[in-house]
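Asks: One structure, as structure tokens, below. Some questions next.
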Amino acid sequence: MAGARDLPPDEVLVQRLRDGDEETFVLVLDTWSGGMLRLAMSFVSTKASAEEVVQDTWLAVFKGISDFEGRSSLKTWVYRILVNTAKARGTKESRTVPFASLVPEEEGPTVDAERFRPPGEQHAGHWAVDQEPRDWHIPEDHVLRGEVREVIAQALDELPPRLRTVITLRDVAGYGSEEVCSLLEISPGNQRVLLHRARASLRRKLEDYLSGAQDVAVGGDERGLR
Amino acid sequence: MDCVDFVELVTDFLEGALPDADELRFIEHLAECSGCERYLDQFRQTIAATGELTPDRISPDARQQLLTAFRDWRQQ
């Protein structure tokens, strides 16, 4: 994350890339390739394919840099090339799902219905007994934080491709809603649905992991109920 | 608003996308329900933790090939 802030402004980057400045190329290559790899994984089936997409994208970037008009940020332009390259490749691997409409598994509740009191019962639709989220504690310890990151990385990899694409762009790469909608050609509403499902799924995985860790550490002394 | 509805509106709320009346009901519910307050807080923590993911790296070979390609391109 710190790396992104160290980059010079776009005008400088673009000029230096056009001049063939290798140091600048190495800088953007090393700063952006990781995020690009994750994003490419949303469209193709293997890490090897994703890596080829990233490579093809960089080739297209420095060959096309003289045509870059600065209408978007350089990074958005690069990501756009990546998405197009990855989509073309994903189609060949028949993995790409069009973004235009939601598919059935992207509808329905994001929290297990069992966790709420059923219709007809008193306080129907409210958290059922012992089912409301319990306090969790994300450890500050460096090693344990690394474990939490592992849990999230794993959960991210297990998401359906479209959910993974949206959450990767929004929450990992830090893009705003408008940029993501335009990059993926989806409506703001659909983008929020996909993002919400992805986040809810990650929260659930984190809950499983942290509550497992906590039962050992704390026991059940504090219920935290109102 | 019930908890079962609240949990589906969290991203819309965080994005500022809820219509005014719904946002009001969302906040009213939040103020009264510790379970949902915690759900929202955990959602935020999940987003923050996701933002800390260290990106994968491309392989040294791929990186080297790109540097070579860059040098070739520069010399054209």
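Labels for the structure tokens follow display order: chains A, B, ..., residues from 1 in each chain, ligands from 1.
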Near chain B, meaning an atom within 7 Å, which residues of chain A appear when counting only C-alpha atoms? Write them as a PyMOL selection string.
Replies: chain A and resi 20+33-35+37-38+51+55+110+116+125-127+132-133+149+152+171-172+192+196+202-203+225-226
Asks: DSSP on the backbone, alpha helix (DSSP H) only: what residues of chain B does that give? Format it as number ranges by chain.
Replies: B: 3-6, 10-14, 20-32, 34-50, 60-75
Asks: Please provide as a list of chain:residue names all residues within 10 Å of Pro8 (chain A), with the sequence filter that same-chain residues fewer than 6 positions apart are discarded (counting only C-alpha atoms).
Replies: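 In the requested form, the answer reads A:Val14, A:Thr24, A:Leu27, A:Val28.
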Asks: Between CA of Glu150 (chain A) and CA of Trp58 (chain A), measure the distance and give it in Å to one decimal.
Replies: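 Those two atoms sit 27.9 Å apart.
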Asks: Please provide the set of residues having any atom within 7 Å of Ala40 (chain A), restricted to only C-alpha atoms, with same-chain residues fewer than 2 positions apart removed, written as a PyMOL selection string.
Replies: chain A and resi 36-38+42-44+50+53+86
Asks: Counting only C-alpha atoms, what is within 12 Å of Asn84 (chain A), bar same-chain residues fewer than 5 positions away, as a count of residues only?
Replies: 19
Asks: Just to confirm, what's the straight-line distance from CA of Leu14 (chain B) to CA of Thr168 (chain A) in Å (one decimal)?
Replies: 17.3 Å
Asks: In Å, with one decimal, what is the gap from CA of Val151 (chain A) to CA of Leu163 (chain A)?
Replies: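 Separation between CA of Val151 (chain A) and CA of Leu163 (chain A): 16.8 Å.
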Asks: From the options A:Leu206, A:Ala198, A:Val180, A:Leu159, which residue's atoms come nearest to Glu147 (chain A), counting only C-alpha atoms?
Replies: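 Using only C-alpha atoms, Glu147 (chain A) sits closest to A:Leu206.
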